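The file entry_33.txt comes next; it holds compact mmCIF, C-alpha atoms (C1' of nucleotides).
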```
# COMPACT_ATOMS: atom_id res chain seq x y z
CA MET X 183 18.69 38.76 -8.74
CA THR X 184 20.65 36.04 -10.45
CA ARG X 185 18.66 33.08 -9.20
CA THR X 186 14.90 32.89 -9.44
CA ARG X 187 13.11 31.79 -6.34
CA ARG X 188 10.37 29.35 -7.13
CA LYS X 189 8.59 28.86 -3.85
CA ALA X 190 8.58 30.72 -0.61
CA ARG X 191 8.89 27.61 1.52
CA ALA X 192 11.62 25.02 1.92
CA ASP X 193 13.82 25.84 -1.03
CA ASP X 194 17.17 24.13 -1.41
CA MET X 195 19.14 27.25 -2.36
CA ASP X 196 22.19 25.02 -3.04
CA ALA X 197 22.98 24.70 0.65
CA PRO X 198 26.62 24.42 1.71
CA GLU X 199 26.04 20.77 2.73
CA MET X 200 24.60 19.91 6.09
CA ALA X 201 26.83 18.23 8.64
CA LEU X 202 24.33 15.38 8.51
CA GLU X 203 25.38 14.58 4.96
CA THR X 204 28.96 13.96 6.03
CA LEU X 205 28.02 11.42 8.70
CA VAL X 206 28.81 7.81 7.92
CA GLY X 207 25.90 6.50 9.99
CA TYR X 208 23.34 8.60 8.15
CA ASN X 209 24.63 7.68 4.71
CA LEU X 210 24.88 4.04 5.69
CA LYS X 211 21.24 3.95 6.70
CA ARG X 212 20.06 5.71 3.57
CA ALA X 213 22.07 3.42 1.30
CA TYR X 214 20.78 0.42 3.19
CA VAL X 215 17.18 1.47 2.65
CA VAL X 216 17.79 1.77 -1.10
CA ILE X 217 19.32 -1.67 -1.32
CA GLN X 218 16.81 -3.34 0.94
CA SER X 219 13.84 -2.01 -0.96
CA ASP X 220 15.23 -3.34 -4.23
CA TYR X 221 15.91 -6.65 -2.48
CA ARG X 222 12.25 -6.95 -1.46
CA ALA X 223 11.14 -6.02 -4.95
CA VAL X 224 13.31 -8.75 -6.48
CA MET X 225 12.61 -11.51 -3.97
CA GLY X 226 8.88 -10.91 -3.68
CA ASP X 227 6.58 -11.63 -0.77
CA GLU X 228 7.25 -15.36 -0.75
CA GLY X 229 11.01 -14.93 -1.00
CA LEU X 230 13.51 -15.39 1.78
CA SER X 231 14.08 -12.25 3.82
CA PRO X 232 17.68 -11.09 4.15
CA ARG X 233 18.10 -12.51 7.61
CA VAL X 234 16.59 -15.88 6.67
CA PHE X 235 18.86 -16.06 3.65
CA SER X 236 21.97 -15.39 5.69
CA ALA X 237 20.90 -17.99 8.23
CA LEU X 238 20.41 -20.49 5.41
CA THR X 239 23.87 -19.67 4.08
CA PHE X 240 25.50 -20.58 7.38
CA VAL X 241 23.41 -23.72 7.67
CA VAL X 242 24.41 -24.85 4.20
CA GLU X 243 28.07 -23.97 4.56
CA THR X 244 28.76 -24.97 8.14
CA PRO X 245 28.56 -28.61 9.16
CA ASN X 246 27.23 -29.46 12.61
CA LEU X 247 25.99 -25.95 13.26
CA THR X 248 23.87 -25.39 16.36
CA GLN X 249 21.36 -22.61 17.00
CA SER X 250 23.56 -20.91 19.54
CA ASP X 251 26.47 -20.97 17.10
CA LEU X 252 24.31 -19.54 14.38
CA ALA X 253 22.94 -16.78 16.58
CA ARG X 254 26.48 -15.75 17.49
CA ARG X 255 27.53 -15.71 13.85
CA LEU X 256 24.55 -13.62 12.85
CA GLY X 257 25.04 -11.30 15.79
CA ILE X 258 21.53 -11.77 17.19
CA GLU X 259 20.05 -13.38 20.32
CA ARG X 260 19.28 -17.07 20.54
CA SER X 261 15.65 -16.23 21.21
CA GLY X 262 15.43 -14.19 18.04
CA LEU X 263 16.78 -17.03 15.99
CA VAL X 264 14.00 -19.45 16.87
CA ALA X 265 11.55 -17.89 14.43
CA ILE X 266 14.13 -17.90 11.66
CA VAL X 267 14.93 -21.58 12.14
CA ASP X 268 11.20 -22.32 12.42
CA GLU X 269 10.69 -20.70 9.05
CA LEU X 270 13.53 -22.60 7.40
CA GLU X 271 12.30 -25.85 8.90
CA GLY X 272 8.74 -25.02 7.84
CA ARG X 273 9.90 -24.53 4.27
CA GLY X 274 11.66 -27.88 4.46
CA TYR X 275 15.12 -26.36 4.05
CA LEU X 276 16.64 -27.83 7.19
CA ASN X 277 16.05 -30.32 10.01
CA ARG X 278 16.75 -30.01 13.68
CA VAL X 279 18.61 -33.23 14.35
CA ALA X 280 19.35 -34.56 17.83
CA VAL X 281 22.97 -34.83 18.92
CA PRO X 282 23.52 -37.85 21.18
CA GLN X 283 26.65 -36.38 22.80
CA ASP X 284 24.72 -33.39 24.11
CA ARG X 285 21.00 -33.67 24.46
CA ARG X 286 20.51 -29.95 24.95
CA ILE X 287 21.45 -29.09 21.40
CA GLN X 288 20.02 -29.88 18.01
CA ALA X 289 22.29 -29.58 14.99
CA LEU X 290 20.92 -27.73 11.99
CA ALA X 291 21.19 -29.96 8.94
CA PRO X 292 20.31 -28.55 5.51
CA THR X 293 18.05 -30.66 3.29
CA ASP X 294 18.59 -31.07 -0.44
CA ALA X 295 15.75 -28.63 -1.01
CA GLY X 296 17.55 -26.23 1.33
CA VAL X 297 20.77 -26.38 -0.66
CA GLN X 298 18.82 -25.89 -3.88
CA ALA X 299 16.88 -22.96 -2.45
CA TYR X 300 20.10 -21.42 -1.23
CA GLU X 301 21.66 -21.58 -4.67
CA ALA X 302 18.58 -20.22 -6.40
CA ALA X 303 18.28 -17.35 -3.92
CA LEU X 304 21.96 -16.53 -4.24
CA ALA X 305 21.62 -16.21 -8.01
CA LEU X 306 18.66 -13.85 -7.60
CA ILE X 307 20.50 -11.81 -4.98
CA ASN X 308 23.62 -11.49 -7.09
CA ALA X 309 21.50 -10.21 -9.97
CA HIS X 310 19.74 -7.80 -7.60
CA GLU X 311 23.06 -6.42 -6.35
CA ASP X 312 24.39 -6.03 -9.87
CA ARG X 313 21.28 -4.06 -10.71
CA VAL X 314 20.99 -1.87 -7.66
CA LEU X 315 24.73 -1.15 -7.62
CA HIS X 316 25.09 -0.42 -11.33
CA MET X 317 26.51 3.00 -10.49
CA LEU X 318 29.57 1.43 -8.91
CA ASP X 319 32.29 -0.18 -11.00
CA ALA X 320 33.95 -3.40 -9.88
CA LYS X 321 36.76 -1.63 -8.10
CA GLU X 322 34.42 0.69 -6.20
CA ARG X 323 32.21 -2.17 -5.14
CA GLU X 324 35.18 -4.13 -3.88
CA GLN X 325 36.48 -1.08 -2.05
CA LEU X 326 33.07 -0.58 -0.44
CA VAL X 327 32.91 -4.14 0.83
CA TYR X 328 36.47 -3.79 2.10
CA LEU X 329 35.62 -0.66 4.09
CA LEU X 330 32.42 -2.14 5.49
CA LYS X 331 34.21 -5.28 6.61
CA LYS X 332 36.77 -3.09 8.31
CA ILE X 333 34.02 -1.39 10.32
CA ARG X 334 32.64 -4.75 11.41
CA GLY X 335 36.04 -5.28 13.00
CA ASN X 336 38.15 -7.63 10.95
CA GLY X 337 38.65 -10.00 13.84
CA GLU X 338 35.53 -10.06 15.97
CA MET L 26 48.33 -32.74 11.11
CA THR L 27 49.41 -29.13 10.95
CA ARG L 28 46.33 -27.60 12.45
CA THR L 29 44.80 -28.85 15.66
CA ARG L 30 41.07 -29.30 15.66
CA ARG L 31 39.55 -27.97 18.82
CA LYS L 32 35.92 -28.95 18.66
CA ALA L 33 34.00 -31.41 16.62
CA ARG L 34 31.17 -29.01 15.86
CA ALA L 35 31.02 -25.81 13.88
CA ASP L 36 34.68 -25.09 13.43
CA ASP L 37 35.81 -22.30 11.15
CA MET L 38 38.51 -24.29 9.32
CA ASP L 39 39.56 -21.10 7.50
CA ALA L 40 36.69 -21.36 5.04
CA PRO L 41 37.19 -20.12 1.46
CA GLU L 42 34.83 -17.17 2.13
CA MET L 43 31.12 -17.56 1.81
CA ALA L 44 29.33 -15.78 -1.01
CA LEU L 45 27.41 -14.00 1.73
CA GLU L 46 30.55 -12.17 2.77
CA THR L 47 30.93 -10.61 -0.65
CA LEU L 48 27.42 -9.15 -0.69
CA VAL L 49 27.17 -5.42 -0.22
CA GLY L 50 23.76 -5.63 1.45
CA TYR L 51 24.94 -8.05 4.10
CA ASN L 52 28.07 -6.07 4.92
CA LEU L 53 26.09 -2.84 4.94
CA LYS L 54 23.68 -4.22 7.52
CA ARG L 55 26.43 -5.60 9.73
CA ALA L 56 28.39 -2.36 9.64
CA TYR L 57 25.24 -0.41 10.39
CA VAL L 58 24.54 -2.51 13.47
CA VAL L 59 28.05 -1.83 14.78
CA ILE L 60 27.70 1.91 14.30
CA GLN L 61 24.18 2.12 15.62
CA SER L 62 25.00 0.27 18.80
CA ASP L 63 27.87 2.63 19.54
CA TYR L 64 25.54 5.53 18.77
CA ARG L 65 23.05 4.34 21.39
CA ALA L 66 25.83 3.82 23.90
CA VAL L 67 27.09 7.37 23.40
CA MET L 68 23.75 9.14 23.29
CA GLY L 69 22.13 7.25 26.14
CA ASP L 70 18.48 6.52 26.74
CA GLU L 71 17.47 10.16 26.93
CA GLY L 72 19.40 11.12 23.83
CA LEU L 73 17.97 11.85 20.42
CA SER L 74 17.56 8.76 18.26
CA PRO L 75 19.20 8.87 14.84
CA ARG L 76 15.99 9.63 13.04
CA VAL L 77 14.99 12.37 15.46
CA PHE L 78 18.41 13.93 15.13
CA SER L 79 18.24 13.99 11.35
CA ALA L 80 14.77 15.49 11.51
CA LEU L 81 16.08 18.18 13.86
CA THR L 82 18.94 18.90 11.46
CA PHE L 83 16.53 19.62 8.62
CA VAL L 84 14.33 21.73 10.88
CA VAL L 85 17.28 23.80 12.04
CA GLU L 86 18.82 24.20 8.61
CA THR L 87 15.76 24.62 6.44
CA PRO L 88 13.57 27.70 6.84
CA ASN L 89 9.83 27.31 6.41
CA LEU L 90 9.97 23.55 6.38
CA THR L 91 6.65 21.68 6.47
CA GLN L 92 6.02 18.13 7.66
CA SER L 93 5.41 16.83 4.16
CA ASP L 94 8.65 18.40 2.99
CA LEU L 95 10.51 16.86 5.87
CA ALA L 96 9.03 13.41 5.32
CA ARG L 97 10.10 13.52 1.69
CA ARG L 98 13.62 14.58 2.64
CA LEU L 99 13.93 11.81 5.21
CA GLY L 100 12.45 9.28 2.83
CA ILE L 101 9.65 8.22 5.16
CA GLU L 102 5.86 8.52 5.13
CA ARG L 103 4.05 11.59 6.44
CA SER L 104 2.27 9.43 8.96
CA GLY L 105 5.53 8.15 10.33
CA LEU L 106 6.83 11.63 10.83
CA VAL L 107 4.10 12.70 13.22
CA ALA L 108 5.66 10.89 16.19
CA ILE L 109 9.07 12.37 15.42
CA VAL L 110 7.75 15.90 15.28
CA ASP L 111 5.69 15.24 18.41
CA GLU L 112 8.87 14.25 20.22
CA LEU L 113 10.79 17.31 19.07
CA GLU L 114 7.90 19.55 20.03
CA GLY L 115 7.57 17.79 23.38
CA ARG L 116 11.23 18.45 24.10
CA GLY L 117 10.65 22.09 23.22
CA TYR L 118 12.99 21.97 20.23
CA LEU L 119 10.48 23.21 17.67
CA ASN L 120 7.03 24.73 17.25
CA ARG L 121 4.34 23.95 14.76
CA VAL L 122 3.46 27.41 13.55
CA ALA L 123 0.40 28.22 11.50
CA VAL L 124 0.91 29.51 7.97
CA PRO L 125 -1.82 32.05 7.05
CA GLN L 126 -1.40 31.45 3.30
CA ASP L 127 -2.25 27.78 3.62
CA ARG L 128 -4.21 26.64 6.63
CA ARG L 129 -3.52 22.96 5.97
CA ILE L 130 0.16 23.23 6.75
CA GLN L 131 2.14 24.12 9.81
CA ALA L 132 5.72 25.25 9.37
CA LEU L 133 8.31 23.65 11.64
CA ALA L 134 10.20 26.41 13.42
CA PRO L 135 13.19 25.50 15.60
CA THR L 136 13.38 27.08 19.04
CA ASP L 137 16.60 28.40 20.56
CA ALA L 138 16.71 25.30 22.71
CA GLY L 139 16.33 23.27 19.54
CA VAL L 140 19.30 24.91 17.88
CA GLN L 141 21.35 24.42 21.01
CA ALA L 142 20.35 20.78 21.31
CA TYR L 143 21.20 20.25 17.66
CA GLU L 144 24.68 21.63 18.14
CA ALA L 145 25.30 19.65 21.30
CA ALA L 146 24.09 16.43 19.71
CA LEU L 147 26.18 17.02 16.61
CA ALA L 148 29.31 17.38 18.73
CA LEU L 149 28.54 14.10 20.50
CA ILE L 150 27.81 12.34 17.24
CA ASN L 151 31.00 13.55 15.61
CA ALA L 152 32.96 12.23 18.58
CA HIS L 153 31.08 8.95 18.36
CA GLU L 154 31.87 8.56 14.67
CA ASP L 155 35.54 9.38 15.24
CA ARG L 156 35.60 6.68 17.86
CA VAL L 157 33.67 3.94 16.12
CA LEU L 158 35.46 4.58 12.82
CA HIS L 159 38.97 4.79 14.23
CA MET L 160 40.04 1.96 11.92
CA LEU L 161 39.45 4.14 8.86
CA ASP L 162 41.79 6.98 7.97
CA ALA L 163 40.43 10.27 6.66
CA LYS L 164 40.72 9.25 3.04
CA GLU L 165 38.94 5.93 3.58
CA ARG L 166 36.14 7.58 5.48
CA GLU L 167 35.65 10.14 2.75
CA GLN L 168 35.70 7.41 0.13
CA LEU L 169 33.11 5.46 2.08
CA VAL L 170 30.75 8.41 2.30
CA TYR L 171 31.29 9.06 -1.40
CA LEU L 172 30.35 5.49 -2.32
CA LEU L 173 27.30 5.45 -0.03
CA LYS L 174 26.03 8.72 -1.47
CA LYS L 175 26.44 7.25 -4.92
CA ILE L 176 24.18 4.35 -3.97
CA ARG L 177 21.54 6.74 -2.66
CA GLY L 178 21.43 8.09 -6.17
CA ASN L 179 23.30 11.34 -6.41
CA GLY L 180 20.30 13.27 -7.67
CA GLU L 181 17.17 12.17 -5.88
C1' DC P 1 30.56 -37.89 44.46
C1' DG P 2 27.30 -34.10 44.83
C1' DA P 3 26.15 -29.34 44.73
C1' DT P 4 26.42 -25.35 42.02
C1' DA P 5 26.97 -23.03 37.87
C1' DA P 6 26.65 -22.60 32.88
C1' DT P 7 24.54 -23.59 28.38
C1' DT P 8 20.68 -24.76 25.12
C1' DG P 9 16.43 -23.99 23.00
C1' DT P 10 12.16 -21.97 23.84
C1' DT P 11 8.17 -18.89 25.16
C1' DA P 12 6.18 -14.52 26.52
C1' DA P 13 6.04 -9.75 26.79
C1' DC P 14 7.85 -5.81 24.94
C1' DC P 15 10.11 -2.20 21.91
C1' DT P 16 11.47 0.54 17.71
C1' DA P 17 10.81 2.01 13.31
C1' DG P 18 8.52 1.98 10.17
C1' DT P 19 4.01 1.07 6.39
C1' DA P 20 -0.84 1.39 4.46
C1' DA P 21 -5.42 3.03 4.63
C1' DA P 22 -8.73 6.14 5.87
C1' DC P 23 -10.27 10.87 7.53
C1' DG P 24 -11.60 15.85 7.77
C1' DA P 25 -9.92 20.14 6.59
C1' DT P 26 -8.21 22.83 3.15
C1' DC P 27 -6.42 24.37 -1.28
C1' DT P 28 -6.14 24.25 -6.65
C1' DC P 29 -7.84 24.66 -10.94
C1' DG P 30 -10.65 23.62 -15.11
C1' DC N 56 -18.83 25.89 -8.52
C1' DG N 57 -17.19 21.20 -8.18
C1' DA N 58 -13.61 17.51 -8.69
C1' DG N 59 -9.47 16.37 -7.27
C1' DA N 60 -5.13 16.86 -4.83
C1' DT N 61 -2.60 17.87 -0.57
C1' DC N 62 -1.80 18.27 4.52
C1' DG N 63 -1.48 16.51 9.08
C1' DT N 64 -3.31 12.95 11.73
C1' DT N 65 -5.10 8.44 13.79
C1' DT N 66 -5.48 3.61 13.74
C1' DA N 67 -4.10 -0.92 12.79
C1' DC N 68 -0.45 -3.63 11.28
C1' DT N 69 4.28 -5.55 10.19
C1' DA N 70 9.41 -6.68 10.63
C1' DG N 71 12.97 -7.42 13.29
C1' DG N 72 14.67 -7.43 16.92
C1' DT N 73 15.39 -7.33 22.76
C1' DT N 74 15.08 -9.00 27.77
C1' DA N 75 13.64 -12.14 31.27
C1' DA N 76 12.31 -16.38 32.71
C1' DC N 77 12.05 -21.56 32.23
C1' DA N 78 13.01 -26.69 32.12
C1' DA N 79 16.35 -29.77 30.55
C1' DT N 80 20.86 -30.90 30.38
C1' DT N 81 25.92 -30.66 30.90
C1' DA N 82 30.24 -28.86 33.11
C1' DT N 83 32.99 -27.66 37.03
C1' DC N 84 35.02 -28.03 41.34
C1' DG N 85 35.40 -28.55 46.50
```
What does this structure look like when you write it as structure tokens?
Amino acid sequence: MTRTRRKARADDMDAPEMALETLVGYNLKRAYVVIQSDYRAVMGDEGLSPRVFSALTFVVETPNLTQSDLARRLGIERSGLVAIVDELEGRGYLNRVAVPQDRRIQALAPTDAGVQAYEAALALINAHEDRVLHMLDAKEREQLVYLLKKIRGNGE
Amino acid sequence: MTRTRRKARADDMDAPEMALETLVGYNLKRAYVVIQSDYRAVMGDEGLSPRVFSALTFVVETPNLTQSDLARRLGIERSGLVAIVDELEGRGYLNRVAVPQDRRIQALAPTDAGVQAYEAALALINAHEDRVLHMLDAKEREQLVYLLKKIRGNGE
DNA sequence: CGATAATTGTTAACCTAGTAAACGATCTCG
DNA sequence: CGAGATCGTTTACTAGGTTAACAATTATCG
């Protein structure tokens, strides 16, 4: 016997790699969990959640954005966006401003505090990504983003 | 004017790329949503969900697996696993078998139907991944899996 | 013009995929 | 033996969505 067995149950016995391990979806989910949990740790309980941060990004960077626009850009339903915008408005990071040309819609205008909060959060998030992705060099990280963007469908 | 403006509100105006778009976490989430939605479309409402499929994989490939073992391997809590194992048992894909040496634990033994279902699902999932990842060639796909595994922390 | 259709933001009810805390039963070990 | 750890489980809770319906408003077209 060349290899000592330690336990009777559930030993690894250097398996020849499960098919599961070669699946992109599975590895994507596992990597996402790793990154997300570090994100929460860095941002804390009071911090912006990932989805709220991305919403804020669009609000800050896109003039005259409406909720329907934003929902489309984030790839979620209009109804699901309401809570996100409520939170950003509650924090004082944006205002729903009436648009005279179309009284159905309300443009999402960032406040100064919103822009500031966006910049502060972005700095934290960049540091978090540098930390949690320390095992990837710059080229690998760039390659990863490139491949992920490709999956999203370059022109969608 | 070289470029015609179409709408007054929320135009793209070939923006100089938001910081958001360079974040790994954001792109990971977006890519995951794309893949997961194709997964659901392929597997249907009666099909195994991703997490149930991965659980079944471990059950089929790992002899004498216990629920605690499985939870650790999947990276979820023991309590969260109960429903997954309940579903697999309900479908007749595994049995909880008593272990005389330790009456706290019940080993998870795959049934023949379980092995068959695993193989059938794997074939479907491989086809799904080929389809949803058609924009990546073999080398890119391999590279992607390599990078994602690296994030998970090669030895964990 | 006027009727019909589409869009906007919103609420309500629901679903999935988890977590955290507590529990009884059982095992381990000083 | 007794203290502590582990196992599977239940219960309550949370995050992050979805779908369906609604009133208000705007767009379209015969």
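Within 7 Å of chain P, chain L contributes the residues Gly105, Arg128 and Arg129 of chain L, using all atoms listed in the file.
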Quiz item: Residues of chain L within 10 Å of chain N, using all atoms listed in the file, as an MDAnalysis selection string?
Solution: chainID L and resid 91:93 103:104 106:107 127:131
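With atom CA of L:Asp94 on one side and atom CA of L:Ala146 on the other, the separation reads 22.8 Å.
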Exercise. Counting only C-alpha atoms (C1' of nucleotides), select every polymer residue within 9 Å of (27.5, 10.3, 15.1) as defined in the file's coordinates, and provide the selection as a ChimeraX atom specification.
Key: /X:202,205-208 /L:60-61,63-64,67,75,146-155,157
Quiz item: What separation in Å, quoted to one decimal, exists between atom CA of L:Glu46 and atom CA of X:Gly335?
Solution: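 Atom-to-atom, atom CA of L:Glu46 and atom CA of X:Gly335 are spaced 13.5 Å apart.
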